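Next comes target31.pdb, with PDB, C-alpha atoms.
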ATOM      1  CA  MET A 137      79.588 171.215 -23.724
ATOM      2  CA  LYS A 138      78.895 167.504 -24.207
ATOM      3  CA  ILE A 139      81.910 166.644 -22.018
ATOM      4  CA  TYR A 140      80.707 169.024 -19.308
ATOM      5  CA  VAL A 141      77.250 167.448 -19.282
ATOM      6  CA  SER A 142      78.813 163.975 -19.200
ATOM      7  CA  VAL A 143      81.031 164.864 -16.239
ATOM      8  CA  VAL A 144      78.136 166.349 -14.278
ATOM      9  CA  LEU A 145      75.947 163.304 -15.010
ATOM     10  CA  PHE A 146      78.828 161.013 -14.001
ATOM     11  CA  LEU A 147      79.269 162.817 -10.685
ATOM     12  CA  LEU A 148      75.539 162.685  -9.977
ATOM     13  CA  ALA A 149      75.392 159.007 -10.904
ATOM     14  CA  ALA A 150      78.351 158.224  -8.657
ATOM     15  CA  ILE A 151      76.781 160.033  -5.714
ATOM     16  CA  ASN A 152      73.431 158.335  -6.307
ATOM     17  CA  ALA A 153      74.975 154.881  -6.645
ATOM     18  CA  PHE A 154      76.945 155.202  -3.437
ATOM     19  CA  ALA A 155      74.020 156.739  -1.574
ATOM     20  CA  GLN A 156      71.817 153.767  -2.475
ATOM     21  CA  HIS A 157      74.361 151.127  -1.465
ATOM     22  CA  LYS A 158      73.096 149.327   1.624
ATOM     23  CA  THR A 159      76.533 149.144   3.293
ATOM     24  CA  LEU A 160      77.426 152.770   2.660
ATOM     25  CA  THR A 161      79.103 154.548   5.565
ATOM     26  CA  ILE A 162      78.676 158.317   5.839
ATOM     27  CA  PRO A 163      80.179 159.498   9.122
ATOM     28  CA  SER A 164      77.936 162.003  10.877
ATOM     29  CA  LYS A 165      79.983 162.915  13.944
ATOM     30  CA  ASP A 166      80.848 166.502  14.639
ATOM     31  CA  LEU A 167      83.990 167.496  12.753
ATOM     32  CA  ALA A 168      85.461 168.688  16.043
ATOM     33  CA  ASN A 169      85.616 165.050  17.110
ATOM     34  CA  ASN A 170      87.331 163.954  13.896
ATOM     35  CA  PRO A 171      91.043 164.805  13.817
ATOM     36  CA  TRP A 172      92.343 166.218  10.570
ATOM     37  CA  GLU A 173      94.875 164.194   8.624
ATOM     38  CA  CYS A 174      97.018 166.233   6.246
ATOM     39  CA  SER A 175      99.403 165.409   3.417
ATOM     40  CA  LEU A 176     101.787 167.555   1.419
ATOM     41  CA  TRP A 177     102.749 166.255  -2.019
ATOM     42  CA  GLY A 178     105.312 167.582  -4.440
ATOM     43  CA  ASP A 179     105.736 166.477  -8.064
ATOM     44  CA  TYR A 180     108.589 167.654 -10.249
ATOM     45  CA  MET A 181     107.729 167.118 -13.897
ATOM     46  CA  LEU A 182     110.852 166.526 -15.999
ATOM     47  CA  LYS A 183     110.149 167.221 -19.674
ATOM     48  CA  PRO A 184     112.718 166.999 -22.480
ATOM     49  CA  ASP A 185     111.437 170.210 -24.091
ATOM     50  CA  ASN A 186     112.632 172.244 -21.069
ATOM     51  CA  GLY A 187     109.033 172.597 -19.885
ATOM     52  CA  SER A 188     109.848 171.185 -16.453
ATOM     53  CA  TYR A 189     107.867 172.525 -13.494
ATOM     54  CA  PHE A 190     106.999 171.852  -9.842
ATOM     55  CA  ASN A 191     103.460 170.900  -8.817
ATOM     56  CA  PRO A 192     102.701 170.983  -5.038
ATOM     57  CA  THR A 193      99.404 169.644  -3.649
ATOM     58  CA  PHE A 194      98.010 169.861  -0.114
ATOM     59  CA  TYR A 195      95.340 167.510   1.262
ATOM     60  CA  ALA A 196      93.341 167.912   4.489
ATOM     61  CA  ASP A 197      90.980 165.088   5.422
ATOM     62  CA  THR A 198      88.503 164.066   8.062
ATOM     63  CA  LYS A 199      86.538 160.831   7.839
ATOM     64  CA  SER A 200      83.863 162.574   5.783
ATOM     65  CA  ILE A 201      85.414 165.666   4.162
ATOM     66  CA  ARG A 202      88.348 166.421   1.911
ATOM     67  CA  ILE A 203      89.875 169.840   1.217
ATOM     68  CA  GLU A 204      92.546 170.062  -1.441
ATOM     69  CA  GLY A 205      94.830 172.824  -2.682
ATOM     70  CA  ARG A 206      96.929 172.651  -5.852
ATOM     71  CA  TYR A 207      99.377 174.801  -7.776
ATOM     72  CA  ASN A 208     100.519 174.357 -11.384
ATOM     73  CA  TYR A 209      97.973 171.549 -11.778
ATOM     74  CA  GLU A 210      95.229 172.954 -14.037
ATOM     75  CA  ALA A 211      97.733 175.313 -15.685
ATOM     76  CA  LEU A 212     101.087 176.916 -14.944
ATOM     77  CA  ASN A 213     101.024 179.832 -12.500
ATOM     78  CA  THR A 214      97.518 178.788 -11.509
ATOM     79  CA  ALA A 215      96.184 177.678  -8.124
ATOM     80  CA  SER A 216      93.022 175.799  -7.224
ATOM     81  CA  VAL A 217      91.071 174.907  -4.084
ATOM     82  CA  PHE A 218      88.656 171.952  -3.909
ATOM     83  CA  ALA A 219      86.240 170.646  -1.294
ATOM     84  CA  GLY A 220      84.335 167.390  -1.371
ATOM     85  CA  LYS A 221      82.355 164.785   0.538
ATOM     86  CA  LYS A 222      83.622 161.240   1.077
ATOM     87  CA  PHE A 223      81.501 158.167   0.369
ATOM     88  CA  TYR A 224      82.855 154.697   0.960
ATOM     89  CA  THR A 225      81.828 151.077   1.325
ATOM     90  CA  GLY A 226      83.166 147.526   1.385
ATOM     91  CA  LYS A 227      85.395 145.299   3.468
ATOM     92  CA  THR A 228      87.411 142.878   1.324
ATOM     93  CA  LEU A 229      86.824 145.104  -1.703
ATOM     94  CA  THR A 230      86.820 148.694  -0.489
ATOM     95  CA  ILE A 231      85.535 151.578  -2.593
ATOM     96  CA  GLU A 232      85.830 155.279  -1.882
ATOM     97  CA  ALA A 233      84.460 158.149  -3.970
ATOM     98  CA  ILE A 234      84.929 161.878  -3.392
ATOM     99  CA  PRO A 235      82.868 164.194  -5.612
ATOM    100  CA  MET A 236      84.358 167.677  -5.325
ATOM    101  CA  PHE A 237      83.916 171.213  -6.561
ATOM    102  CA  GLY A 238      86.807 173.608  -7.032
ATOM    103  CA  MET A 239      87.715 177.216  -7.756
ATOM    104  CA  VAL A 240      90.631 177.902 -10.093
ATOM    105  CA  PHE A 241      92.515 181.209 -10.120
ATOM    106  CA  GLY A 242      95.736 182.699 -11.473
ATOM    107  CA  GLN A 243      96.850 182.471 -15.093
ATOM    108  CA  ASN A 244      93.505 180.744 -15.700
ATOM    109  CA  ASN A 245      90.307 181.438 -13.764
ATOM    110  CA  GLY A 246      87.211 179.301 -13.479
ATOM    111  CA  VAL A 247      85.444 176.475 -11.689
ATOM    112  CA  ALA A 248      85.962 172.715 -11.857
ATOM    113  CA  PRO A 249      83.632 169.870 -10.848
ATOM    114  CA  ALA A 250      85.799 166.848 -10.060
ATOM    115  CA  LEU A 251      85.764 163.279  -8.825
ATOM    116  CA  GLU A 252      88.377 161.141  -7.062
ATOM    117  CA  ALA A 253      87.732 157.418  -6.620
ATOM    118  CA  GLN A 254      89.704 154.447  -5.335
ATOM    119  CA  MET A 255      89.171 150.689  -5.131
ATOM    120  CA  GLN A 256      91.349 148.278  -3.165
ATOM    121  CA  PHE A 257      91.280 144.492  -3.246
ATOM    122  CA  LYS A 258      93.993 142.655  -1.372
ATOM    123  CA  GLN A 259      97.255 143.770  -3.053
ATOM    124  CA  LEU A 260      95.587 145.524  -5.992
ATOM    125  CA  ASP A 261      94.898 149.278  -5.987
ATOM    126  CA  PHE A 262      92.864 151.164  -8.588
ATOM    127  CA  TYR A 263      92.728 154.965  -8.455
ATOM    128  CA  THR A 264      91.261 157.575 -10.766
ATOM    129  CA  GLU A 265      90.639 161.309 -10.658
ATOM    130  CA  CYS A 266      88.987 163.530 -13.235
ATOM    131  CA  GLU A 267      87.826 167.103 -13.579
ATOM    132  CA  TYR A 268      86.257 169.461 -16.078
ATOM    133  CA  MET A 269      87.699 172.963 -16.019
ATOM    134  CA  ILE A 270      85.207 175.697 -16.997
ATOM    135  CA  ASP A 271      87.229 178.800 -17.816
ATOM    136  CA  PHE A 272      85.651 182.195 -17.191
ATOM    137  CA  ALA A 273      87.535 183.632 -20.181
ATOM    138  CA  GLY A 274      85.597 181.494 -22.655
ATOM    139  CA  LYS A 275      84.638 177.956 -23.547
ATOM    140  CA  GLU A 276      87.597 177.632 -25.928
ATOM    141  CA  ASN A 277      89.779 177.335 -22.795
ATOM    142  CA  ASN A 278      87.655 174.607 -21.186
ATOM    143  CA  PHE A 279      89.192 171.161 -20.847
ATOM    144  CA  PHE A 280      88.653 167.707 -19.382
ATOM    145  CA  SER A 281      91.509 165.845 -17.699
ATOM    146  CA  SER A 282      91.879 162.534 -15.915
ATOM    147  CA  TYR A 283      94.564 160.466 -14.249
ATOM    148  CA  THR A 284      94.172 156.707 -13.711
ATOM    149  CA  GLU A 285      96.484 154.136 -12.186
ATOM    150  CA  LEU A 286      96.396 150.406 -11.528
ATOM    151  CA  ALA A 287      98.956 149.233  -8.981
ATOM    152  CA  TYR A 288     100.173 146.077  -7.288
ATOM    153  CA  ARG A 289     101.667 146.136  -3.798
ATOM    154  CA  ILE A 290     104.686 143.849  -3.859
ATOM    155  CA  ASN A 291     104.912 144.257  -0.097
ATOM    156  CA  LYS A 292     103.854 146.898   2.406
ATOM    157  CA  PRO A 293     106.379 149.608   1.416
ATOM    158  CA  VAL A 294     106.649 148.931  -2.360
ATOM    159  CA  LYS A 295     104.008 149.530  -5.033
ATOM    160  CA  VAL A 296     104.382 149.333  -8.832
ATOM    161  CA  GLY A 297     101.889 149.864 -11.607
ATOM    162  CA  LEU A 298     100.595 151.453 -14.797
ATOM    163  CA  ALA A 299      99.322 155.010 -15.202
ATOM    164  CA  VAL A 300      97.372 156.905 -17.867
ATOM    165  CA  LEU A 301      96.949 160.666 -18.297
ATOM    166  CA  ARG A 302      94.139 161.874 -20.553
ATOM    167  CA  THR A 303      93.409 165.472 -21.544
ATOM    168  CA  LYS A 304      90.822 166.883 -23.922
ATOM    169  CA  LEU A 305      90.776 170.543 -24.830
ATOM    170  CA  TYR A 306      87.681 172.199 -26.250
ATOM    171  CA  GLN A 307      86.793 170.718 -29.667
ATOM    172  CA  THR A 308      89.961 168.614 -29.890
ATOM    173  CA  ALA A 309      90.776 164.927 -29.697
ATOM    174  CA  PHE A 310      91.987 163.270 -26.505
ATOM    175  CA  SER A 311      95.692 163.530 -25.714
ATOM    176  CA  VAL A 312      96.802 160.339 -23.946
ATOM    177  CA  GLN A 313     100.070 159.595 -22.123
ATOM    178  CA  ARG A 314     100.724 156.097 -20.793
ATOM    179  CA  GLY A 315     103.390 155.205 -18.287
ATOM    180  CA  VAL A 316     104.781 152.995 -15.554
ATOM    181  CA  PHE A 317     105.589 153.901 -11.979
ATOM    182  CA  GLY A 318     107.003 152.695  -8.695
ATOM    183  CA  GLU A 319     106.473 154.009  -5.165
ATOM    184  CA  PHE A 320     108.268 153.382  -1.891
ATOM    185  CA  TYR A 321     106.721 154.119   1.510
ATOM    186  CA  PHE A 322     108.757 154.738   4.656
ATOM    187  CA  GLY A 323     107.069 155.891   7.835
ATOM    188  CA  ARG A 324     104.871 158.862   7.046
ATOM    189  CA  CYS A 325     106.732 159.562   3.810
ATOM    190  CA  ARG A 326     106.450 158.299   0.251
ATOM    191  CA  THR A 327     108.578 158.748  -2.847
ATOM    192  CA  GLY A 328     107.723 157.767  -6.385
ATOM    193  CA  PHE A 329     109.007 157.781  -9.946
ATOM    194  CA  TYR A 330     106.676 157.873 -12.963
ATOM    195  CA  TYR A 331     107.809 157.535 -16.575
ATOM    196  CA  TYR A 332     105.374 158.370 -19.383
ATOM    197  CA  ASP A 333     105.463 157.532 -23.088
ATOM    198  CA  PRO A 334     108.774 155.626 -22.865
ATOM    199  CA  PHE A 335     110.772 155.142 -26.062
ATOM    200  CA  THR A 336     109.018 158.063 -27.773
ATOM    201  CA  SER A 337     110.093 161.628 -28.517
ATOM    202  CA  SER A 338     107.399 162.945 -26.133
ATOM    203  CA  HIS A 339     108.583 160.959 -23.086
ATOM    204  CA  PHE A 340     108.691 162.693 -19.698
ATOM    205  CA  ALA A 341     109.111 161.786 -16.038
ATOM    206  CA  ASP A 342     107.581 162.740 -12.709
ATOM    207  CA  ILE A 343     109.578 162.570  -9.468
ATOM    208  CA  SER A 344     107.201 162.626  -6.527
ATOM    209  CA  PHE A 345     107.511 162.951  -2.759
ATOM    210  CA  SER A 346     104.906 163.246  -0.004
ATOM    211  CA  VAL A 347     104.684 163.434   3.760
ATOM    212  CA  ASP A 348     101.683 162.857   6.053
ATOM    213  CA  PHE A 349     101.160 164.791   9.252
TER     214      PHE A 349
END

This entry written out as structure tokens:
Amino acid sequence: MKIYVSVVLFLLAAINAFAQHKTLTIPSKDLANNPWECSLWGDYMLKPDNGSYFNPTFYADTKSIRIEGRYNYEALNTASVFAGKKFYTGKTLTIEAIPMFGMVFGQNNGVAPALEAQMQFKQLDFYTECEYMIDFAGKENNFFSSYTELAYRINKPVKVGLAVLRTKLYQTAFSVQRGVFGEFYFGRCRTGFYYYDPFTSSHFADISFSVDF
């Protein structure tokens, strides 16, 4: 419960902070005048314990709204749909935050308040996303999860960096996986390779591909 309250307070604080920023831009044009930009991502998680699985994600964006669909993200054989509002500011240092709310259904069923945020400064990129899954079956199935990465763009098509996955189940300690990654962009496509907990018995990899349309 404490984690849930913290996540909600964090989302409210983020919205309030961005809303009070004097250079905040919140587009107000009719959505019909804002073309949708879509992306389809696929991640294949390679785990040494034969727990490998495929995780597709679909994004649909306007300048002010994001809609997101996921499968095998919150849990295996489970889908989720999120919607959120974009807030952003800055020129040299750009900041974007997207508080979202999602419905989760399938093997697990529930709701999930979430936040995605990104900061960019010259060749440095910082990105984080977090959510708190509230399971309808009972609080013992609730969990908090986050993904954070810090990247450096070597040049326009190549990005390398560090990544951290954090998960906390109900009344348990945080589970943390740290890794390195590299991404290559070509046209509207992107491919990436992520390697977590190297040189340990729990190491695993993520092969990723995406296309924008």

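Picture a line from CA of Ser346 in chain A to CA of Arg324 in chain A; it runs 8.3 Å.
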
Evaluate the PyMOL selection byres ((chain A and resi 188-200) around 8) and report residues as an MDAnalysis selection string: chainID A and resid 162:164 167 170:187 201:209 221:223

Generate a file of the selected residues that holds C-alpha atoms, formatted as a PDB file, keeping the file's coordinate frame.
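Once written, selection.pdb looks like this:
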ATOM      1  CA  ILE A 162      78.676 158.317   5.839  1.00  0.00           C
ATOM      2  CA  PRO A 163      80.179 159.498   9.122  1.00  0.00           C
ATOM      3  CA  SER A 164      77.936 162.003  10.877  1.00  0.00           C
ATOM      4  CA  LEU A 167      83.990 167.496  12.753  1.00  0.00           C
ATOM      5  CA  ASN A 170      87.331 163.954  13.896  1.00  0.00           C
ATOM      6  CA  PRO A 171      91.043 164.805  13.817  1.00  0.00           C
ATOM      7  CA  TRP A 172      92.343 166.218  10.570  1.00  0.00           C
ATOM      8  CA  GLU A 173      94.875 164.194   8.624  1.00  0.00           C
ATOM      9  CA  CYS A 174      97.018 166.233   6.246  1.00  0.00           C
ATOM     10  CA  SER A 175      99.403 165.409   3.417  1.00  0.00           C
ATOM     11  CA  LEU A 176     101.787 167.555   1.419  1.00  0.00           C
ATOM     12  CA  TRP A 177     102.749 166.255  -2.019  1.00  0.00           C
ATOM     13  CA  GLY A 178     105.312 167.582  -4.440  1.00  0.00           C
ATOM     14  CA  ASP A 179     105.736 166.477  -8.064  1.00  0.00           C
ATOM     15  CA  TYR A 180     108.589 167.654 -10.249  1.00  0.00           C
ATOM     16  CA  MET A 181     107.729 167.118 -13.897  1.00  0.00           C
ATOM     17  CA  LEU A 182     110.852 166.526 -15.999  1.00  0.00           C
ATOM     18  CA  LYS A 183     110.149 167.221 -19.674  1.00  0.00           C
ATOM     19  CA  PRO A 184     112.718 166.999 -22.480  1.00  0.00           C
ATOM     20  CA  ASP A 185     111.437 170.210 -24.091  1.00  0.00           C
ATOM     21  CA  ASN A 186     112.632 172.244 -21.069  1.00  0.00           C
ATOM     22  CA  GLY A 187     109.033 172.597 -19.885  1.00  0.00           C
ATOM     23  CA  ILE A 201      85.414 165.666   4.162  1.00  0.00           C
ATOM     24  CA  ARG A 202      88.348 166.421   1.911  1.00  0.00           C
ATOM     25  CA  ILE A 203      89.875 169.840   1.217  1.00  0.00           C
ATOM     26  CA  GLU A 204      92.546 170.062  -1.441  1.00  0.00           C
ATOM     27  CA  GLY A 205      94.830 172.824  -2.682  1.00  0.00           C
ATOM     28  CA  ARG A 206      96.929 172.651  -5.852  1.00  0.00           C
ATOM     29  CA  TYR A 207      99.377 174.801  -7.776  1.00  0.00           C
ATOM     30  CA  ASN A 208     100.519 174.357 -11.384  1.00  0.00           C
ATOM     31  CA  TYR A 209      97.973 171.549 -11.778  1.00  0.00           C
ATOM     32  CA  LYS A 221      82.355 164.785   0.538  1.00  0.00           C
ATOM     33  CA  LYS A 222      83.622 161.240   1.077  1.00  0.00           C
ATOM     34  CA  PHE A 223      81.501 158.167   0.369  1.00  0.00           C
TER      35      PHE A 223
END

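On the file presented, the PyMOL selection byres ((chain A and resi 293-300) around 8) picks out A:Tyr283, A:Thr284, A:Glu285, A:Leu286, A:Ala287, A:Tyr288, A:Arg289, A:Ile290, A:Asn291, A:Lys292, A:Leu301, A:Arg302, A:Val312, A:Gln313, A:Arg314, A:Gly315, A:Val316, A:Phe317, A:Gly318, A:Glu319, A:Phe320, A:Tyr321, A:Phe322.
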
Could you pull the residues within 7 Å of range 247-255 of chain A, counting all atoms listed in the file, minus those fewer than 4 positions along the same chain, as a ChimeraX atom specification? /A:147,229-240,261-271

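If you look at CA of Asn277 in chain A and CA of Ser337 in chain A, they are 26.3 Å away from each other.
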
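Computed from the coordinates, the CA of Asn245 in chain A to CA of Thr214 in chain A distance equals 8.0 Å.
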
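Nearest-residue note for Asn278 in chain A: choosing from A:Phe345, A:Tyr306, A:Phe329, A:Phe257, the minimum distance belongs to A:Tyr306, counting only C-alpha atoms.
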
Could you check the closest approach to Ser216 in chain A for each of A:Gly242, A:Thr228, A:Val347, A:Gly328 and tell me which residue wins, using only C-alpha atoms? A:Gly242

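The residue that comes closest to Lys304 in chain A, out of A:Phe279, A:Arg326, A:Phe272, A:Ile343 and on the basis of all atoms listed in the file, is A:Phe279.
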